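Enquirer: Sharing run_24.txt (compact mmCIF, C-alpha atoms) below.
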```txt
# COMPACT_ATOMS: atom_id res chain seq x y z
CA MET X 1 -29.07 -44.63 -25.01
CA ILE X 2 -28.98 -43.67 -28.69
CA ASP X 3 -32.14 -45.30 -29.98
CA VAL X 4 -34.45 -44.63 -32.89
CA VAL X 5 -36.56 -42.06 -31.02
CA SER X 6 -33.55 -40.04 -29.93
CA LEU X 7 -32.06 -40.07 -33.41
CA ALA X 8 -35.37 -39.02 -34.97
CA LEU X 9 -35.73 -36.17 -32.45
CA LEU X 10 -32.16 -35.02 -33.01
CA GLY X 11 -32.76 -35.05 -36.77
CA LEU X 12 -35.97 -33.04 -36.32
CA VAL X 13 -34.24 -30.47 -34.11
CA ILE X 14 -31.30 -29.99 -36.51
CA ALA X 15 -33.62 -29.81 -39.54
CA CYS X 16 -35.82 -27.21 -37.80
CA ALA X 17 -32.79 -25.18 -36.73
CA LEU X 18 -31.45 -25.13 -40.30
CA ALA X 19 -34.90 -24.26 -41.64
CA THR X 20 -35.13 -21.35 -39.17
CA ALA X 21 -31.81 -20.05 -40.46
CA VAL X 22 -32.36 -20.36 -44.20
CA LEU X 23 -36.10 -19.82 -44.73
CA ARG X 24 -36.74 -16.48 -46.41
CA ASP X 25 -40.28 -15.98 -45.15
CA VAL X 26 -40.06 -14.78 -41.54
CA LEU X 27 -43.40 -16.35 -40.66
CA ALA X 28 -42.17 -19.75 -41.86
CA ALA X 29 -38.93 -19.27 -39.91
CA ILE X 30 -40.91 -18.56 -36.73
CA ILE X 31 -43.00 -21.70 -37.19
CA ALA X 32 -39.81 -23.72 -37.77
CA PHE X 33 -38.34 -22.19 -34.60
CA ALA X 34 -41.42 -23.25 -32.62
CA ALA X 35 -41.04 -26.80 -33.97
CA TYR X 36 -37.36 -26.67 -32.95
CA SER X 37 -38.34 -25.68 -29.40
CA LEU X 38 -40.88 -28.47 -29.24
CA GLY X 39 -38.22 -30.98 -30.35
CA ILE X 40 -35.81 -29.69 -27.70
CA ALA X 41 -38.58 -30.00 -25.08
CA MET X 42 -39.10 -33.63 -26.03
CA ILE X 43 -35.34 -34.25 -25.81
CA TRP X 44 -35.38 -32.82 -22.26
CA VAL X 45 -38.14 -35.26 -21.34
CA LEU X 46 -36.14 -38.14 -22.85
CA LEU X 47 -33.17 -37.02 -20.75
CA GLN X 48 -35.40 -37.26 -17.64
CA ALA X 49 -35.62 -33.52 -17.07
CA PRO X 50 -39.40 -32.95 -17.18
CA ASP X 51 -39.19 -29.62 -15.33
CA VAL X 52 -36.90 -28.16 -17.98
CA GLY X 53 -38.95 -29.77 -20.77
CA LEU X 54 -42.12 -28.17 -19.46
CA THR X 55 -40.45 -24.76 -19.37
CA GLU X 56 -39.06 -25.15 -22.89
CA ALA X 57 -42.47 -26.23 -24.26
CA ALA X 58 -44.37 -23.42 -22.54
CA VAL X 59 -41.88 -20.58 -23.10
CA GLY X 60 -39.94 -21.60 -26.22
CA ALA X 61 -42.64 -23.26 -28.29
CA GLY X 62 -45.61 -21.33 -26.87
CA VAL X 63 -45.24 -17.78 -25.68
CA THR X 64 -42.10 -16.84 -27.65
CA THR X 65 -43.80 -17.87 -30.88
CA VAL X 66 -46.81 -15.68 -30.15
CA LEU X 67 -44.58 -12.71 -29.25
CA PHE X 68 -42.57 -13.20 -32.48
CA LEU X 69 -45.79 -13.40 -34.53
CA LEU X 70 -46.99 -10.20 -32.92
CA THR X 71 -43.70 -8.53 -33.79
CA ILE X 72 -43.52 -9.58 -37.47
CA ALA X 73 -47.10 -8.43 -37.96
CA LYS X 74 -45.61 -4.93 -37.77
CA THR X 75 -43.03 -5.69 -40.50
CA VAL X 76 -43.32 -6.40 -44.22
CA ARG X 77 -42.53 -9.47 -46.24
CA PRO X 78 -39.33 -9.27 -48.30
CA PRO X 79 -40.11 -9.07 -52.04
CA GLY X 80 -39.49 -12.02 -54.34
CA ASP X 81 -40.67 -15.59 -54.54
CA ALA X 82 -37.51 -17.38 -53.35
CA ILE X 83 -38.19 -19.91 -50.59
CA PHE X 84 -34.69 -19.92 -49.10
CA GLU X 85 -32.48 -17.05 -48.11
CA SER X 86 -29.16 -16.97 -49.97
CA VAL X 87 -26.39 -18.08 -47.61
CA ASP X 88 -23.83 -15.47 -46.65
CA PRO X 89 -20.35 -17.16 -46.77
CA LYS X 90 -18.93 -15.04 -43.93
CA GLY X 91 -21.92 -15.75 -41.69
CA LEU X 92 -21.70 -19.43 -42.56
CA LEU X 93 -17.99 -19.47 -41.66
CA VAL X 94 -18.67 -17.90 -38.25
CA ALA X 95 -21.53 -20.31 -37.57
CA VAL X 96 -19.41 -23.34 -38.52
CA LEU X 97 -16.55 -22.07 -36.33
CA ILE X 98 -18.84 -21.65 -33.31
CA VAL X 99 -20.35 -25.10 -33.84
CA GLY X 100 -16.83 -26.54 -34.18
CA VAL X 101 -15.65 -24.97 -30.93
CA LEU X 102 -18.75 -26.15 -29.07
CA ALA X 103 -18.50 -29.63 -30.62
CA SER X 104 -14.90 -29.94 -29.44
CA THR X 105 -16.19 -29.97 -25.85
CA LEU X 106 -18.50 -32.92 -26.51
CA GLY X 107 -15.75 -35.48 -25.84
CA ALA X 108 -15.40 -34.19 -22.28
CA LEU X 109 -19.06 -34.88 -21.46
CA PRO X 110 -19.85 -38.08 -19.54
CA PRO X 111 -22.28 -40.55 -21.15
CA VAL X 112 -25.98 -39.94 -20.43
CA GLY X 113 -27.01 -41.58 -17.17
CA SER X 114 -23.44 -42.34 -16.12
CA ALA X 115 -22.91 -42.94 -12.40
CA GLU X 116 -19.41 -41.47 -12.63
CA THR X 117 -20.46 -37.86 -13.19
CA PRO X 118 -19.50 -35.23 -10.60
CA VAL X 119 -23.19 -34.47 -10.09
CA ALA X 120 -24.13 -38.06 -9.29
CA GLN X 121 -21.17 -38.49 -6.94
CA SER X 122 -21.44 -35.15 -5.17
CA GLN X 123 -22.20 -35.12 -1.47
CA VAL X 124 -24.59 -32.21 -2.03
CA THR X 125 -26.73 -34.33 -4.36
CA ASP X 126 -26.84 -37.14 -1.80
CA TYR X 127 -27.76 -34.68 0.94
CA TYR X 128 -30.67 -33.27 -1.10
CA LEU X 129 -31.96 -36.70 -2.10
CA GLU X 130 -31.77 -38.05 1.45
CA ASN X 131 -33.10 -35.06 3.36
CA ALA X 132 -35.31 -33.11 0.95
CA TYR X 133 -38.55 -34.84 1.88
CA GLU X 134 -38.02 -34.81 5.64
CA GLN X 135 -36.90 -31.20 5.70
CA THR X 136 -39.25 -29.62 3.16
CA HIS X 137 -42.19 -32.09 2.93
CA VAL X 138 -42.33 -31.81 -0.86
CA LYS X 139 -41.90 -34.87 -3.06
CA ASN X 140 -40.26 -33.11 -6.02
CA ALA X 141 -36.59 -32.71 -5.09
CA VAL X 142 -36.15 -30.13 -7.88
CA THR X 143 -38.79 -27.90 -6.28
CA ALA X 144 -37.28 -28.49 -2.85
CA VAL X 145 -33.90 -27.23 -4.08
CA LEU X 146 -35.38 -24.33 -6.07
CA ALA X 147 -37.86 -22.99 -3.55
CA ALA X 148 -36.34 -24.00 -0.22
CA TYR X 149 -32.58 -24.72 -0.22
CA ARG X 150 -31.86 -22.14 -2.91
CA GLY X 151 -34.94 -19.99 -2.41
CA PHE X 152 -32.92 -16.80 -2.50
CA ASP X 153 -31.71 -17.59 -6.05
CA THR X 154 -35.24 -18.30 -7.18
CA MET X 155 -36.50 -15.08 -5.62
CA GLY X 156 -33.81 -13.33 -7.67
CA GLU X 157 -35.04 -15.04 -10.83
CA ALA X 158 -38.62 -13.97 -10.14
CA VAL X 159 -37.49 -10.40 -9.57
CA VAL X 160 -35.52 -10.53 -12.86
CA VAL X 161 -38.78 -11.34 -14.65
CA PHE X 162 -40.37 -8.40 -12.84
CA ALA X 163 -37.42 -6.20 -13.87
CA ALA X 164 -37.91 -7.24 -17.51
CA GLY X 165 -41.48 -5.95 -17.35
CA VAL X 166 -40.39 -2.74 -15.68
CA GLY X 167 -37.68 -2.34 -18.35
CA LEU X 168 -40.27 -2.61 -21.11
CA LEU X 169 -42.42 0.03 -19.44
CA VAL X 170 -39.42 2.34 -19.04
CA VAL X 171 -38.44 1.92 -22.72
CA LEU X 172 -42.00 2.59 -23.86
CA GLY X 173 -42.33 5.48 -21.41
CA ARG X 174 -45.58 4.24 -19.94
CA GLU X 175 -46.98 3.27 -16.56
CA VAL X 176 -49.15 0.37 -17.69
CA PHE X 177 -48.89 -2.32 -20.39
CA ALA X 178 -51.08 -0.65 -23.00
CA MET S 179 -53.51 -17.34 -37.80
CA SER S 180 -54.91 -13.86 -37.96
CA VAL S 181 -51.37 -12.65 -38.46
CA ASP S 182 -50.95 -14.97 -41.42
CA ASP S 183 -54.07 -13.60 -43.09
CA SER S 184 -53.09 -10.00 -42.77
CA GLU S 185 -49.54 -10.85 -43.79
CA ASP S 186 -50.58 -12.44 -47.07
CA GLY S 187 -51.70 -10.31 -49.94
CA ASP S 188 -50.22 -7.12 -48.63
CA GLY S 189 -47.68 -5.01 -50.41
CA ALA S 190 -44.78 -3.18 -48.89
CA VAL S 191 -47.00 -0.12 -49.06
CA GLU S 192 -48.98 -0.77 -45.91
CA ALA S 193 -45.94 -0.85 -43.67
CA GLY S 194 -45.89 1.58 -40.81
CA GLU S 195 -49.64 1.95 -40.72
CA ASN S 196 -51.42 0.44 -37.77
CA ARG S 197 -53.05 -2.46 -39.53
CA SER S 198 -55.56 -4.37 -37.47
CA LEU S 199 -54.18 -7.80 -36.62
CA TYR S 200 -57.53 -9.14 -35.68
CA VAL S 201 -59.55 -11.40 -37.97
CA GLU S 202 -62.88 -12.48 -36.53
CA SER S 203 -63.10 -16.22 -37.00
CA PRO S 204 -65.91 -18.33 -35.50
CA ILE S 205 -63.66 -21.41 -35.58
CA ILE S 206 -60.91 -19.78 -33.50
CA MET S 207 -63.46 -18.25 -31.10
CA ALA S 208 -65.26 -21.55 -30.55
CA THR S 209 -61.99 -23.45 -30.09
CA VAL S 210 -60.68 -20.92 -27.57
CA ARG S 211 -63.98 -20.98 -25.66
CA VAL S 212 -63.70 -24.74 -25.27
CA VAL S 213 -59.96 -25.00 -24.64
CA ALA S 214 -59.37 -21.98 -22.39
CA PRO S 215 -60.85 -23.36 -19.12
CA PHE S 216 -58.81 -26.55 -19.46
CA VAL S 217 -55.58 -24.67 -20.16
CA PHE S 218 -56.25 -22.39 -17.19
CA THR S 219 -56.88 -25.35 -14.89
CA PHE S 220 -53.75 -27.09 -16.20
CA GLY S 221 -51.68 -23.97 -15.53
CA LEU S 222 -52.97 -23.72 -11.95
CA PHE S 223 -52.31 -27.46 -11.50
CA ILE S 224 -48.70 -27.06 -12.69
CA MET S 225 -48.29 -24.09 -10.35
CA PHE S 226 -49.76 -25.75 -7.23
CA HIS S 227 -48.61 -29.29 -7.89
CA GLY S 228 -45.03 -28.27 -8.68
CA ALA S 229 -44.15 -29.31 -5.14
CA ASP S 230 -45.01 -32.95 -5.79
CA SER S 231 -44.47 -33.43 -9.53
CA ALA S 232 -42.79 -31.70 -12.44
CA GLY S 233 -43.65 -28.04 -12.73
CA GLY S 234 -43.64 -24.92 -10.61
CA GLY S 235 -44.37 -21.25 -10.60
CA PHE S 236 -42.48 -20.32 -13.77
CA GLN S 237 -44.03 -22.99 -15.99
CA GLY S 238 -47.51 -22.65 -14.48
CA GLY S 239 -47.41 -18.87 -14.78
CA VAL S 240 -46.54 -19.06 -18.47
CA ILE S 241 -49.35 -21.54 -19.13
CA VAL S 242 -51.87 -19.35 -17.27
CA SER S 243 -50.81 -16.31 -19.28
CA THR S 244 -51.30 -18.36 -22.46
CA VAL S 245 -55.03 -18.26 -21.71
CA ILE S 246 -55.00 -14.46 -21.99
CA LEU S 247 -52.94 -14.70 -25.19
CA MET S 248 -55.48 -17.16 -26.66
CA LEU S 249 -58.37 -14.87 -25.72
CA ALA S 250 -56.54 -11.97 -27.36
CA VAL S 251 -55.98 -13.94 -30.59
CA ALA S 252 -59.63 -15.02 -30.67
CA PHE S 253 -61.44 -11.87 -29.54
CA GLY S 254 -58.99 -9.09 -30.41
CA VAL S 255 -56.11 -7.61 -28.43
CA GLU S 256 -57.84 -4.30 -27.63
CA SER S 257 -61.01 -5.79 -26.20
CA THR S 258 -59.05 -8.37 -24.19
CA ARG S 259 -56.81 -5.62 -22.83
CA ASP S 260 -59.80 -3.56 -21.82
CA TRP S 261 -61.27 -6.63 -20.14
CA VAL S 262 -58.06 -7.32 -18.18
CA THR S 263 -57.50 -3.58 -17.56
CA PRO S 264 -53.79 -2.62 -17.74
CA GLU S 265 -53.81 -1.03 -14.27
CA ARG S 266 -55.03 -4.25 -12.70
CA LEU S 267 -52.27 -6.17 -14.49
CA VAL S 268 -49.57 -3.96 -12.94
CA ALA S 269 -51.23 -4.33 -9.53
CA ILE S 270 -51.29 -8.14 -9.89
CA VAL S 271 -47.57 -8.23 -10.70
CA GLY S 272 -46.87 -5.99 -7.70
CA ILE S 273 -48.84 -8.33 -5.45
CA GLY S 274 -46.82 -11.29 -6.74
CA VAL S 275 -43.51 -9.59 -5.98
CA SER S 276 -44.77 -8.57 -2.53
CA VAL S 277 -45.83 -12.14 -1.72
CA VAL S 278 -42.42 -13.52 -2.70
CA LEU S 279 -40.54 -10.84 -0.73
CA LEU S 280 -42.88 -11.11 2.29
CA MET S 281 -42.26 -14.85 2.53
CA GLY S 282 -38.58 -14.11 3.05
CA ILE S 283 -39.16 -11.19 5.40
CA VAL S 284 -41.66 -13.06 7.58
CA THR S 285 -39.28 -15.99 8.10
CA VAL S 286 -36.48 -13.57 9.04
CA ALA S 287 -38.81 -11.70 11.42
CA LEU S 288 -39.67 -14.97 13.16
CA GLY S 289 -36.02 -15.57 13.88
CA GLY S 290 -35.04 -17.90 11.01
CA GLY S 291 -32.98 -17.45 7.88
CA PHE S 292 -34.30 -15.93 4.67
CA LEU S 293 -37.02 -18.30 3.35
CA GLN S 294 -36.42 -20.77 6.22
CA TYR S 295 -40.01 -21.95 6.22
CA ASP S 296 -39.97 -24.20 9.29
CA VAL S 297 -39.79 -21.31 11.76
CA VAL S 298 -43.42 -20.43 11.00
CA PRO S 299 -45.52 -22.12 13.69
CA ILE S 300 -48.04 -23.70 11.31
CA TYR S 301 -48.20 -27.45 10.80
CA HIS S 302 -46.52 -28.51 7.53
CA PHE S 303 -45.78 -24.89 6.73
CA THR S 304 -42.65 -25.79 4.75
CA LYS S 305 -44.83 -27.39 2.09
CA TYR S 306 -47.49 -24.67 2.15
CA GLY S 307 -44.79 -22.00 2.21
CA ILE S 308 -43.13 -23.47 -0.87
CA GLU S 309 -46.49 -23.60 -2.63
CA LEU S 310 -47.24 -19.99 -1.70
CA PHE S 311 -43.78 -18.98 -2.92
CA GLU S 312 -44.39 -20.80 -6.22
CA LEU S 313 -47.81 -19.16 -6.49
CA GLY S 314 -46.21 -15.74 -6.06
CA ILE S 315 -43.69 -16.54 -8.82
CA GLY S 316 -46.54 -17.78 -11.02
CA VAL S 317 -48.45 -14.52 -10.53
CA ILE S 318 -45.35 -12.47 -11.43
CA VAL S 319 -44.57 -14.54 -14.53
CA SER S 320 -48.13 -14.68 -15.84
CA GLY S 321 -48.59 -10.94 -15.28
CA ILE S 322 -45.32 -10.01 -16.99
CA VAL S 323 -45.83 -12.33 -19.98
CA THR S 324 -49.32 -10.93 -20.48
CA GLY S 325 -47.88 -7.43 -20.09
CA LEU S 326 -45.13 -8.11 -22.65
CA PHE S 327 -47.80 -9.33 -25.06
CA PHE S 328 -49.96 -6.22 -24.62
CA GLY S 329 -46.90 -3.97 -24.72
CA LEU S 330 -45.67 -5.52 -27.99
CA ALA S 331 -49.17 -5.38 -29.46
CA ALA S 332 -49.47 -1.69 -28.66
CA GLY S 333 -45.91 -1.02 -29.85
CA ALA S 334 -44.07 2.24 -29.57
CA SER S 335 -46.85 3.98 -31.50
CA GLY S 336 -49.61 2.92 -29.13
CA GLU S 337 -52.33 5.23 -27.94
CA GLY S 338 -51.26 8.23 -25.94
CA SER S 339 -47.58 7.29 -25.79
CA ALA S 340 -46.35 9.64 -28.51
CA ASP S 341 -47.36 12.78 -26.63
CA ARG S 342 -46.00 11.48 -23.36
CA GLU S 343 -42.64 10.58 -24.90
CA ALA S 344 -42.44 13.95 -26.59
CA ASP S 345 -43.14 15.62 -23.25
CA GLU S 346 -40.43 13.61 -21.56
CA ARG S 347 -37.88 14.49 -24.23
CA GLU S 348 -38.66 18.15 -23.88
CA GLY S 349 -38.31 17.79 -20.15
CA LEU S 350 -34.91 16.15 -20.57
CA LEU S 351 -33.64 18.82 -22.90
```
Write the structure described by the file as structure tokens, please.
Expert:
Amino acid sequence: MIDVVSLALLGLVIACALATAVLRDVLAAIIAFAAYSLGIAMIWVLLQAPDVGLTEAAVGAGVTTVLFLLTIAKTVRPPGDAIFESVDPKGLLVAVLIVGVLASTLGALPPVGSAETPVAQSQVTDYYLENAYEQTHVKNAVTAVLAAYRGFDTMGEAVVVFAAGVGLLVVLGREVFA
Amino acid sequence: MSVDDSEDGDGAVEAGENRSLYVESPIIMATVRVVAPFVFTFGLFIMFHGADSAGGGFQGGVIVSTVILMLAVAFGVESTRDWVTPERLVAIVGIGVSVVLLMGIVTVALGGGFLQYDVVPIYHFTKYGIELFELGIGVIVSGIVTGLFFGLAAGASGEGSADREADEREGLL
């Protein structure tokens, strides 16, 4: 499964993530972060998860970037001409530790596309794949699970988005978004 | 784009002032005029067609709200906000939440479980119900993302908020 495209995408994502961390200019860091999100979105598509890829592209690479740009417009550029931020050893140590801990779990993951994974062998998965179309009349099994079988969860997610908006209004002390 | 321009060439002196983010650019305006209808249609397609292909209310809602964000970048945040009208935005989000909740309540009222679409006596309602549910989510998401954008653009120092906050603080004390 590791082919040239995957390796190139992984390289792009890691390079963009590092650039986001070390670039001194916040605007440049935001652009690098958007490129990182776009790379992740393409990786999702390669991993056959187009629904997640679409979300990552629209939210991560699109809207988040605009919101960040809007926010830094209210800040000032740090003085000096250096392109890269100087690396803080303590911060670097913590980052390396976190990456190490997360990387130690990689060995427990099944290979991509393996038929032996708990998800592929689960009776629930079989039930959804066999009955989703007859019971819900939608062809996308992901939507069938999200909006029908687990509709209550999805309603909760939608209300969380609503609550985020209400939270912003409460913090700003206003009744409308203005 | 416009942010970049106003960001360059400034000193640390201008911080804190309400600088105008907006730079009138015929290129950006023309591009947005051409691209916006297609993006809007694509967002609605993702929202409605989520039942049969990749996509759904969350993704479609974000793409639809991108149209408002593009208009705001091209024609200025203030004028776009006045065009949308903030009150209408809050109403739209409320309608979205009501649609999503009503779907659940109606199915319970007809004797089924929460969001058990097949109890509604309409042919193929499960599919239409799922699409309506997704549409409600899309309306919530697009309204909130647009609202976050306008809220961030106005910031804590936006028009009229300072007095109101001061009033509230006095009230609390």
Enquirer: To one decimal place in Å, what is the distance between CA of Ser231 (chain S) and CA of Lys139 (chain X)?
Expert: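 Pair CA of Ser231 (chain S) / CA of Lys139 (chain X) returns 7.1 Å.
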Enquirer: I'd like the neighbourhood of region 299-314 of chain S as a ChimeraX atom specification, where a residue qualifies if any of its atoms comes within 8 Å (using only C-alpha atoms), though same-chain residues fewer than 6 positions away should be ignored.
Expert: /X:135-138,144,147-148 /S:225-226,228-229,234-236,273-275,277-278,281
Enquirer: Counting only C-alpha atoms, figure out which residue out of S:Thr244, S:Ser276, S:Ser320, S:Thr263 gets nearest to Val210 (chain S).
Expert: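 Between S:Thr244, S:Ser276, S:Ser320, S:Thr263, the residue approaching Val210 (chain S) most closely is S:Thr244.
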Enquirer: Just how far from CA of Ala29 (chain X) is CA of Met248 (chain S), in Å to one decimal?
Expert: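 These atoms are spaced 21.3 Å apart.
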Enquirer: So how many Å separate CA of Val145 (chain X) and CA of Ile43 (chain X), to one decimal?
Expert: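 Distance reported for this atom pair: 22.9 Å.
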Enquirer: Give the residues of chain X that lie within 7 Å of chain S; count only C-alpha atoms, and format the answer as a JSON list (two decimals) with C-alpha atoms, keeping the file's coordinate frame.
Expert:
```json
[["chain", "number", "residue", "atom", "x", "y", "z"],
["X", 50, "PRO", "CA", -39.40, -32.95, -17.18],
["X", 51, "ASP", "CA", -39.19, -29.62, -15.33],
["X", 54, "LEU", "CA", -42.12, -28.17, -19.46],
["X", 55, "THR", "CA", -40.45, -24.76, -19.37],
["X", 58, "ALA", "CA", -44.37, -23.42, -22.54],
["X", 59, "VAL", "CA", -41.88, -20.58, -23.10],
["X", 63, "VAL", "CA", -45.24, -17.78, -25.68],
["X", 67, "LEU", "CA", -44.58, -12.71, -29.25],
["X", 69, "LEU", "CA", -45.79, -13.40, -34.53],
["X", 70, "LEU", "CA", -46.99, -10.20, -32.92],
["X", 71, "THR", "CA", -43.70, -8.53, -33.79],
["X", 73, "ALA", "CA", -47.10, -8.43, -37.96],
["X", 75, "THR", "CA", -43.03, -5.69, -40.50],
["X", 76, "VAL", "CA", -43.32, -6.40, -44.22],
["X", 136, "THR", "CA", -39.25, -29.62, 3.16],
["X", 137, "HIS", "CA", -42.19, -32.09, 2.93],
["X", 138, "VAL", "CA", -42.33, -31.81, -0.86],
["X", 139, "LYS", "CA", -41.90, -34.87, -3.06],
["X", 140, "ASN", "CA", -40.26, -33.11, -6.02],
["X", 143, "THR", "CA", -38.79, -27.90, -6.28],
["X", 147, "ALA", "CA", -37.86, -22.99, -3.55],
["X", 148, "ALA", "CA", -36.34, -24.00, -0.22],
["X", 151, "GLY", "CA", -34.94, -19.99, -2.41],
["X", 155, "MET", "CA", -36.50, -15.08, -5.62],
["X", 158, "ALA", "CA", -38.62, -13.97, -10.14],
["X", 161, "VAL", "CA", -38.78, -11.34, -14.65],
["X", 162, "PHE", "CA", -40.37, -8.40, -12.84],
["X", 165, "GLY", "CA", -41.48, -5.95, -17.35],
["X", 172, "LEU", "CA", -42.00, 2.59, -23.86],
["X", 173, "GLY", "CA", -42.33, 5.48, -21.41],
["X", 174, "ARG", "CA", -45.58, 4.24, -19.94],
["X", 176, "VAL", "CA", -49.15, 0.37, -17.69],
["X", 177, "PHE", "CA", -48.89, -2.32, -20.39],
["X", 178, "ALA", "CA", -51.08, -0.65, -23.00]]
```
Enquirer: From the list S:Val298, S:Ala252, S:Ile270, S:Val286, which residue is nearest Met207 (chain S) when using all atoms listed in the file?
Expert: S:Ala252
Enquirer: Skip Leu18 (chain X) itself and residues of its chain fewer than 5 positions away, then list as a count of residues only all residues within 9 Å of it, counting all atoms listed in the file.
Expert: 3
Enquirer: May I ask which of the residues X:Ile30, X:Ile40, X:Ala132, X:Ser86 is the closest one to Ala8 (chain X), counting all atoms listed in the file?
Expert: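 Looking only at the distances to Ala8 (chain X), the closest residue turns out to be X:Ile40.
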Enquirer: Skip Asp25 (chain X) itself and residues of its chain fewer than 2 positions away, then list as a ChimeraX atom specification all residues within 10 Å of it, counting all atoms listed in the file.
Expert: /X:20,22-23,27-30,77-79,81-85
